[in-house]
Every structure is written in C-alpha cells, then in structure tokens.
Amino acid sequence: MNDQLQQDLSTLDSLLEKIKTQGLDYIKNLHGRPTTAVSAIEINKDLGETGLGGLGALKRFNEKFEPLMVGSGGPRYWGFVTGGSTPASIAGDWLSTIYDQNTQSTSGQGDLSALVEVETIKLLLGLLGLPGDFLGGFVTGATMSNFTCLAVARQWAGKAMGKDFAKDGVSGEINILSALPHSSVLKSLSMLGIGSNHFERVKVLPGNRESIDTEDLEARIRALGGEPFILISSAGTVNTVDFDDFAAIAKLKTTYNFWWHIDAAFGAFAACSPKYRHLLDGWEKADSITLDCHKWLNVPYESAVFLVKEQHKVLQTETFQNSNAPYLGDPLENFSYLNFLPENSRRLKALPAWFSLTAYGKKGYRDIVENSVEMASLFSQFVEENEAFELLAPTRLNNVCFTLGGQRGQDKVAAFLTRLNATGKVFMTPTVYNGRKGIRAAFVNWMTGKGDIEIVIAEMKKLTAEE
Ligand SMILES: *Cc1c(COP(=O)(O)O)cnc(C)c1O
C-alpha cells in the first residue's frame with residue numbers, strides 16, 4: 001500500500017474527529033454564516049507528485065475553499081427552493097459514504113442495498129398519501145427525475161404510434177401539452193431529443209393564476225383527434241406555488257389517451273399537512289411524478305425521486321435497460337435499478353432520506369411544512385404592509401413573489417436585490433412574473449424561525465431607508 005494511504009488509514013480516527021468537530025461548529029453557527037461568498041481565489045492547475053495526506057488536504061481546503069462555503073443549508077437562504085439537511089439525514093449521508101455500496105439490485109448475490117431504496121420509496125409514498133402502485137427510485141435532482149419520467153413517457157408515446165424509440169431513435173411528432181413547465185422540463189425535452197420548443201402551451205386560468213386552464217386543455221386535446229400525447233402538469237410553480245387541477249385532469253384521463261406527468265418537485269410535500277393536502281387531490285392517477293428530496297424533505301444534495309406507475313414497468317425497462325450485459329439477467333425478473341434509471345453504478349442515495357423519514361415520521365414533516373408556510377405568510381404580510389414593496393401575486397403556500405412598490409420600482413429591483421444579498425444575511429433570487437421584474441423568497445428550510453424573518457425585515461427596512 002502507498003505510504004500516505006497507509007498513514008491515513010492508521011490516523012483515520014483523528015481525521016474523522018477533526019471533520020466531526022468542524023462539521024458541528026459549522027452547523028452550530030449556520031445562523032451566522034454569510035449567505036453570499038466572495039469568489040477571489042486562484043485555481044490550482046497542478047497536482048503535485050507527492051500528496052498532502054488527508055490532514056494536509058483538510059488544511060488546504062480550510063485555507064482555500066472553506067470560506068467560500070455559504071450558509072445555503074441555513075435558515076435564511078431563500079433563493080431558488082433550497083432545503084437544508086436534518087440531523088438524521090446528515091447521519092444517513094455520512095453512512096452512505098462509509099458503506100460505499102453500489103446500489104442496484106434487490107435480489108441474488110452481492111450488494112442488496114437497493115432494498116433500502118425500495119423501503120424508502122414505500123415510506124415516501126406513505127408520507128405523501130400515494131398508493132403503492134408506483135415504482136420509484138432515487139436520482140440526483142428533480143431535473144433528472146423529470147428526465148427519467150419523460151423518457152418513459154416518450155417510449156409510451158412511441159409505442160402508441162407503433163414505434164420503439166428506445167431501439168430505433170426518436171422520429172415523428174410527439175405531442176406534448178403543458179401550461180407552465182419548469183425550466184428543467186424544457187431541458188429534459190432537449191436532452192430527450194424531443195426539443196425544448198416542441199410543446200404546445202396550454203392557457204392558464206385568468207386572474208393571477210399559474211394553474212392550467214382545463215377547458216383550454218380539453219379543447220386542445222380534442223383538436224389532436226385521438227392522437228396520443230404527453231401532459232406535463234405542475235404541483236407547485238416556482239413563482240406563486242400554484243397547482244394544476246388534478247381532480248379535473250384525472251377525469252380527463254378517463255376519456256382521453258395520454259401520459260400524465262406531474263412535476264411536484266417541492267409541491268408534493270404539501271401532502272404532509274392536512275391543511276394543504278387537498279391541493280394534490282387526484283394526483284395519484286398520474287403516470288409519473290417528480291419529487292425533490294433536497295428541497296422540502298431537507299436531505300443533502302443530490303436527492304430526488306421519480307415515481308412511475310408499476311404498470312409501465314416494461315416501458316421503463318425498454319428505456320433504461322443495460323441490455324448488453326447478459327450477466328444482469330432478465331430485467332423484469334431480477335429487479336435492479338440499473339435497468340430502471342439513467343445511472344448504472346450509484347451510491348446508496350436513499351439512505352439520508354431513509355434516516356430522516358425514520359427519525360421524524362409524518363409529524364416531523366407535517367411540522368416542517370406547516371412552519372414553512374407560516375414563515376412565508378409572515379414575510380408576505382410584511383411585504384404587503386410596507387409600501388416600499390408590493391406582492392406580485394398572492395402568497396399561496398411557501399413562496400413569496402414580490403417587487404419594489406411605486407413608480408420607479410421596476411428600474412431598481414435588480415440593484416436592490418444585489419444590495420440585499422450582499423448583506424450576507426439572506427439570499428433571494430430574481431424572477432419575472434407577468435412581465436414584471438420581481439424577487440422570490442422560498443421557504444422550505446426546517447430551521448427557519450420568526451427571528452429569521454425579523455432579521456430579514458430589518459435589513460430590508462435599512463436598505464429602503466438608505467434610498
Ligand atoms: C427545483 C425544481 C426542479 C429542478 O430540480 P433540481 O433538483 O434542481 O434538478 C424542477 N421542477 C421544479 C418545480 C422545481 O422546483
């Protein structure tokens with residue numbers, strides 16, 4: 001064995017102790033950690049002949065990169081839709097690394113860690129009140145989940161047209177209907193060879209809504225004259241967290257022939273609370289659903305889940321089977337994730353979610369979701385009551401979409417957001433809603449409390465007073 005590896009193995013104890021102490025220190029001070037980093041570092045292009053050893057690498061990281069680490073897992077990182085990591089999920093994540101399984105199969109010999117994944121999917125279905133007839137697995141993010149689900153949808157559409165896209169490549173017209181697809185859905189259509197321009201935009205409901213107009217949808221379906229199509233719907237748009245009417249779509253599904261996908265990246269977790277569960281009524285009839293775990297489930301990146309109805313198992317294996325490896329056996333008989341999703345080799349991705357679900361249960365997640373909504377509503381109240389600001393849309397759930405009030409507000413939004421983020425006390429993202437420039441604050445972090453809202457309000461008041 002190489003000397004340095006030998007040395008590190010014998011001092012692993014002290015390396016892990018140091019990491020533990022440092023990690024604890026980071027988490028305990030997450031409230032005070034700046035939300036914005038200064039990026040002035042020099043990129044090293046040369047790997048030395050002799051390494052620094054584990055402790056040396058840690059020292060180098062701490063000198064050079066550690067100051068770049070922002071408090072994105074903390075309570076005031078409201079940009080994008082950014083979750084943190086619950087204590088139990090950190091434990092699960094660390095153990096995923098320690099055990100270093102190659103998670104694929106659930107039967108036969110060798111690694112069987114995929115059983116952890118199968119169980120985690122069952123626990124998630126239970127948390128969200130979804131039926132057991134979904135087959136699910138972990139991928140890196142909701143983008144890859146949308147990709148995975150839509151890849152199976154593509155194969156379905158091909159079959160309905162008498163083609164096998166997985167074998168012969170994509171050809172002909174694939175009809176896709178959607179109202180406000182997330183940018184990652186368009187990226188997925190691009191990666192799938194369908195093309196991000198290649199969808200028909202369905203109207204949304206009038207009056208500050210982002211929800212699909214089901215009458216317009218039905219009219220467009222009729223116009224397709226019985227051709228198969230894929231419907232991509234939303235459970236939680238990023239600007240105003242609007243939901244499509246799933247009960248109405250479920251009803252359409254009894255009449256028309258289509259693949260129904262729901263991007264429920266974070267909106268799915270509304271189902272954790274009896275107060276908001278109704279927003280998802282009917283979603284169990286979908287063919288596929290995207291869930292992001294590194295958002296409202298509050299587990300570390302990279303964690304998301306695809307759910308595809310078990311009845312589409314054959315389409316899914318046609319799409320993803322690693323067909324030229326005969327030792328893997330019949331994909332339908334010997335279940336292996338290898339034949340059901342994009343990756344082949346993969347870590348024990350489900351373990352952080354398994355830990356967190358097991359540690360906090362349904363009540364834990366109901367509390368997280370209800371607290372997030374309460375925090376959003378507190379912040380929204382401030383925006384509404386302060387004349388320097390204006391809500392761009394009513395706050396429906398956990399995101400607040402607002403802008404600067406008054407005549408000259410539009411010209412100043414970008415500069416205001418830059419100054420606000422530069423305080424390092426909070427991070428929000430720019431957006432455009434109904435043609436107006438705005439700012440979005442998303443609440444999904446398990447730690448966020450009233451004190452955090454007060455800190456941000458104070459900063460915003462300070463900035464407007466300086467104008
Ligand atoms: C965040 C998000 C995505 C993309 O998720 P990643 O985890 O960043 O890949 C897709 N859809 C919706 C609705 C989202 O909020």
# chains A, B, ... in the order shown; residues from 1 in each chain; ligands from 1
$ select_by_dssp --residues "segment 155-289 of chain A" --states "strand (DSSP E or B)" --output "NGL selection string"
:A and (175-178 or 200-201 or 204 or 212 or 229-235 or 243 or 258-263 or 288-289)
$ residues_near_ligand --ligand "ligand 1" --cutoff "6 Å" --atoms "only C-alpha atoms and all ligand atoms" --output "MDAnalysis selection string"
chainID A and resid 141:143 182 184 237:238 263:266 292
$ write_last_selection --atoms "N, CA and C atoms" --output "PDB file, in the first residue's frame"
ATOM      1  N   GLY A 141     -31.564  14.834  -8.863  1.00  0.00           N
ATOM      2  CA  GLY A 141     -32.345  16.046  -8.653  1.00  0.00           C
ATOM      3  C   GLY A 141     -33.640  15.950  -9.430  1.00  0.00           C
ATOM      4  N   ALA A 142     -34.496  16.955  -9.261  1.00  0.00           N
ATOM      5  CA  ALA A 142     -35.783  16.921  -9.955  1.00  0.00           C
ATOM      6  C   ALA A 142     -35.592  17.019 -11.467  1.00  0.00           C
ATOM      7  N   THR A 143     -34.505  17.630 -11.896  1.00  0.00           N
ATOM      8  CA  THR A 143     -34.233  17.676 -13.331  1.00  0.00           C
ATOM      9  C   THR A 143     -34.090  16.258 -13.881  1.00  0.00           C
ATOM     10  N   HIS A 182     -41.609  23.816 -15.757  1.00  0.00           N
ATOM     11  CA  HIS A 182     -40.379  24.295 -15.122  1.00  0.00           C
ATOM     12  C   HIS A 182     -39.244  24.241 -16.146  1.00  0.00           C
ATOM     13  N   SER A 184     -36.474  23.018 -16.038  1.00  0.00           N
ATOM     14  CA  SER A 184     -35.804  21.716 -16.120  1.00  0.00           C
ATOM     15  C   SER A 184     -36.593  20.718 -16.969  1.00  0.00           C
ATOM     16  N   THR A 237     -45.831  25.738  -8.886  1.00  0.00           N
ATOM     17  CA  THR A 237     -44.979  26.534  -9.783  1.00  0.00           C
ATOM     18  C   THR A 237     -44.021  27.330  -8.897  1.00  0.00           C
ATOM     19  N   VAL A 238     -42.850  27.657  -9.436  1.00  0.00           N
ATOM     20  CA  VAL A 238     -41.848  28.262  -8.555  1.00  0.00           C
ATOM     21  C   VAL A 238     -42.181  29.691  -8.135  1.00  0.00           C
ATOM     22  N   ASP A 263     -44.820  17.438 -12.369  1.00  0.00           N
ATOM     23  CA  ASP A 263     -43.605  17.928 -11.720  1.00  0.00           C
ATOM     24  C   ASP A 263     -44.037  18.473 -10.361  1.00  0.00           C
ATOM     25  N   ALA A 264     -43.804  17.663  -9.339  1.00  0.00           N
ATOM     26  CA  ALA A 264     -44.219  18.025  -7.976  1.00  0.00           C
ATOM     27  C   ALA A 264     -42.981  18.195  -7.108  1.00  0.00           C
ATOM     28  N   ALA A 265     -41.912  18.720  -7.728  1.00  0.00           N
ATOM     29  CA  ALA A 265     -40.599  18.770  -7.067  1.00  0.00           C
ATOM     30  C   ALA A 265     -40.706  19.130  -5.587  1.00  0.00           C
ATOM     31  N   PHE A 266     -41.283  20.285  -5.308  1.00  0.00           N
ATOM     32  CA  PHE A 266     -41.451  20.605  -3.886  1.00  0.00           C
ATOM     33  C   PHE A 266     -42.920  20.602  -3.455  1.00  0.00           C
ATOM     34  N   ASP A 292     -38.596  16.225  -5.358  1.00  0.00           N
ATOM     35  CA  ASP A 292     -37.236  16.613  -4.977  1.00  0.00           C
ATOM     36  C   ASP A 292     -37.085  16.396  -3.482  1.00  0.00           C
TER      37      ASP A 292
END
$ residues_around --residues "segment 71-78 of chain A" --least-positions-apart "4" --cutoff "8 Å" --atoms "only C-alpha atoms" --output "NGL selection string"
:A and (30-31 or 33-36 or 82-85 or 425-429 or 440-443 or 445-449 or 452 or 456)
$ closest_atom_pairs --of "segment 233-296 of chain A" --to "segment 357-380 of chain A" --cutoff "9 Å" --atoms "only C-alpha atoms" --output "Markdown table"
| residue | atom | partner | partner_atom | distance |
| --- | --- | --- | --- | --- |
| A:Phe269 | CA | A:Val369 | CA | 7.1 |
| A:Ala270 | CA | A:Val369 | CA | 6.8 |
| A:Ala271 | CA | A:Arg366 | CA | 8.5 |
| A:Cys272 | CA | A:Arg366 | CA | 4.9 |
| A:Ser273 | CA | A:Arg366 | CA | 5.0 |
| A:Pro274 | CA | A:Arg366 | CA | 8.3 |
| A:Lys275 | CA | A:Glu370 | CA | 8.3 |
| A:Tyr276 | CA | A:Glu370 | CA | 8.9 |
| A:Trp296 | CA | A:Val369 | CA | 7.4 |
$ select_by_dssp --residues "segment 158-261 of chain A" --states "helix (DSSP H, G or I)" --output "PyMOL selection string"
chain A and resi 158-160+165-168+183-191+214-223+246-255
$ atom_distance --atom1 "atom CA of Lys251 of chain A" --atom2 "atom CA of Asp281 of chain A"
11.6 Å
$ residues_around --residues "Phe65 of chain A" --least-positions-apart "5" --cutoff "12 Å" --atoms "only C-alpha atoms" --output "ChimeraX atom specification"
/A:37-44,57-60,70
$ residues_around --residues "Asn208 of chain A" --least-positions-apart "2" --cutoff "12 Å" --atoms "only C-alpha atoms" --output "VMD selection string"
chain A and resid 204 to 206 210 to 212 239 to 242 391 to 396 401 433 to 434
$ decode --residues "segment 65-141 of chain A" --atoms "C-alpha atoms" --output "PDB file, in the first residue's frame"
ATOM      1  CA  PHE A  65     -12.207  26.791  -0.081  1.00  0.00           C
ATOM      2  CA  GLU A  66     -13.898  26.692   3.307  1.00  0.00           C
ATOM      3  CA  PRO A  67     -14.502  30.481   3.299  1.00  0.00           C
ATOM      4  CA  LEU A  68     -16.442  30.022   0.044  1.00  0.00           C
ATOM      5  CA  MET A  69     -18.997  27.799   1.722  1.00  0.00           C
ATOM      6  CA  VAL A  70     -22.192  29.813   2.166  1.00  0.00           C
ATOM      7  CA  GLY A  71     -24.972  29.138   4.639  1.00  0.00           C
ATOM      8  CA  SER A  72     -27.159  27.602   1.942  1.00  0.00           C
ATOM      9  CA  GLY A  73     -28.381  24.902   4.316  1.00  0.00           C
ATOM     10  CA  GLY A  74     -29.261  27.591   6.844  1.00  0.00           C
ATOM     11  CA  PRO A  75     -32.481  29.372   7.751  1.00  0.00           C
ATOM     12  CA  ARG A  76     -32.185  32.496   5.591  1.00  0.00           C
ATOM     13  CA  TYR A  77     -31.166  31.063   2.234  1.00  0.00           C
ATOM     14  CA  TRP A  78     -34.424  31.736   0.454  1.00  0.00           C
ATOM     15  CA  GLY A  79     -33.086  31.688  -3.098  1.00  0.00           C
ATOM     16  CA  PHE A  80     -34.286  29.112  -5.645  1.00  0.00           C
ATOM     17  CA  VAL A  81     -36.018  26.499  -3.496  1.00  0.00           C
ATOM     18  CA  THR A  82     -33.272  25.437  -1.142  1.00  0.00           C
ATOM     19  CA  GLY A  83     -33.680  22.925   1.641  1.00  0.00           C
ATOM     20  CA  GLY A  84     -31.223  22.152   4.399  1.00  0.00           C
ATOM     21  CA  SER A  85     -30.170  18.863   5.953  1.00  0.00           C
ATOM     22  CA  THR A  86     -31.892  17.461   9.012  1.00  0.00           C
ATOM     23  CA  PRO A  87     -29.555  15.962  11.645  1.00  0.00           C
ATOM     24  CA  ALA A  88     -30.651  12.401  10.835  1.00  0.00           C
ATOM     25  CA  SER A  89     -30.189  12.962   7.100  1.00  0.00           C
ATOM     26  CA  ILE A  90     -26.598  14.038   7.748  1.00  0.00           C
ATOM     27  CA  ALA A  91     -26.035  10.792   9.640  1.00  0.00           C
ATOM     28  CA  GLY A  92     -27.502   8.833   6.718  1.00  0.00           C
ATOM     29  CA  ASP A  93     -25.416  10.753   4.223  1.00  0.00           C
ATOM     30  CA  TRP A  94     -22.189  10.114   6.103  1.00  0.00           C
ATOM     31  CA  LEU A  95     -23.014   6.426   6.327  1.00  0.00           C
ATOM     32  CA  SER A  96     -23.748   6.250   2.581  1.00  0.00           C
ATOM     33  CA  THR A  97     -20.127   7.231   2.094  1.00  0.00           C
ATOM     34  CA  ILE A  98     -18.754   4.945   4.776  1.00  0.00           C
ATOM     35  CA  TYR A  99     -20.547   1.867   3.461  1.00  0.00           C
ATOM     36  CA  ASP A 100     -19.924   2.853  -0.166  1.00  0.00           C
ATOM     37  CA  GLN A 101     -22.366   0.372  -1.687  1.00  0.00           C
ATOM     38  CA  ASN A 102     -23.043   0.200  -5.398  1.00  0.00           C
ATOM     39  CA  THR A 103     -26.808   0.308  -5.101  1.00  0.00           C
ATOM     40  CA  GLN A 104     -28.576  -1.588  -7.843  1.00  0.00           C
ATOM     41  CA  SER A 105     -30.225  -4.871  -7.151  1.00  0.00           C
ATOM     42  CA  THR A 106     -32.659  -6.297  -4.616  1.00  0.00           C
ATOM     43  CA  SER A 107     -32.122  -9.982  -5.121  1.00  0.00           C
ATOM     44  CA  GLY A 108     -29.451 -12.520  -5.937  1.00  0.00           C
ATOM     45  CA  GLN A 109     -25.908 -12.317  -4.599  1.00  0.00           C
ATOM     46  CA  GLY A 110     -23.657  -9.440  -3.725  1.00  0.00           C
ATOM     47  CA  ASP A 111     -24.844  -5.963  -2.847  1.00  0.00           C
ATOM     48  CA  LEU A 112     -28.513  -5.827  -1.821  1.00  0.00           C
ATOM     49  CA  SER A 113     -28.567  -2.236  -0.610  1.00  0.00           C
ATOM     50  CA  ALA A 114     -31.278  -1.393  -3.137  1.00  0.00           C
ATOM     51  CA  LEU A 115     -33.681  -2.876  -0.592  1.00  0.00           C
ATOM     52  CA  VAL A 116     -33.016   0.268   1.468  1.00  0.00           C
ATOM     53  CA  GLU A 117     -34.094   2.279  -1.558  1.00  0.00           C
ATOM     54  CA  VAL A 118     -37.213   0.195  -2.116  1.00  0.00           C
ATOM     55  CA  GLU A 119     -38.188   0.673   1.537  1.00  0.00           C
ATOM     56  CA  THR A 120     -37.502   4.422   1.402  1.00  0.00           C
ATOM     57  CA  ILE A 121     -39.807   4.761  -1.610  1.00  0.00           C
ATOM     58  CA  LYS A 122     -42.543   2.941   0.314  1.00  0.00           C
ATOM     59  CA  LEU A 123     -42.057   5.285   3.290  1.00  0.00           C
ATOM     60  CA  LEU A 124     -42.251   8.310   0.989  1.00  0.00           C
ATOM     61  CA  LEU A 125     -45.446   7.038  -0.648  1.00  0.00           C
ATOM     62  CA  GLY A 126     -46.879   6.668   2.856  1.00  0.00           C
ATOM     63  CA  LEU A 127     -45.765  10.167   3.858  1.00  0.00           C
ATOM     64  CA  LEU A 128     -47.433  11.667   0.796  1.00  0.00           C
ATOM     65  CA  GLY A 129     -50.545   9.503   0.902  1.00  0.00           C
ATOM     66  CA  LEU A 130     -49.837   7.987  -2.508  1.00  0.00           C
ATOM     67  CA  PRO A 131     -50.908   4.431  -3.411  1.00  0.00           C
ATOM     68  CA  GLY A 132     -48.434   1.576  -3.541  1.00  0.00           C
ATOM     69  CA  ASP A 133     -48.633   1.038  -7.298  1.00  0.00           C
ATOM     70  CA  PHE A 134     -45.785   3.426  -8.076  1.00  0.00           C
ATOM     71  CA  LEU A 135     -42.310   2.134  -8.752  1.00  0.00           C
ATOM     72  CA  GLY A 136     -39.767   4.684  -7.583  1.00  0.00           C
ATOM     73  CA  GLY A 137     -36.077   5.323  -7.355  1.00  0.00           C
ATOM     74  CA  PHE A 138     -33.537   7.973  -6.481  1.00  0.00           C
ATOM     75  CA  VAL A 139     -31.787  10.256  -8.931  1.00  0.00           C
ATOM     76  CA  THR A 140     -29.674  13.368  -8.400  1.00  0.00           C
ATOM     77  CA  GLY A 141     -32.345  16.046  -8.653  1.00  0.00           C
TER      78      GLY A 141
END
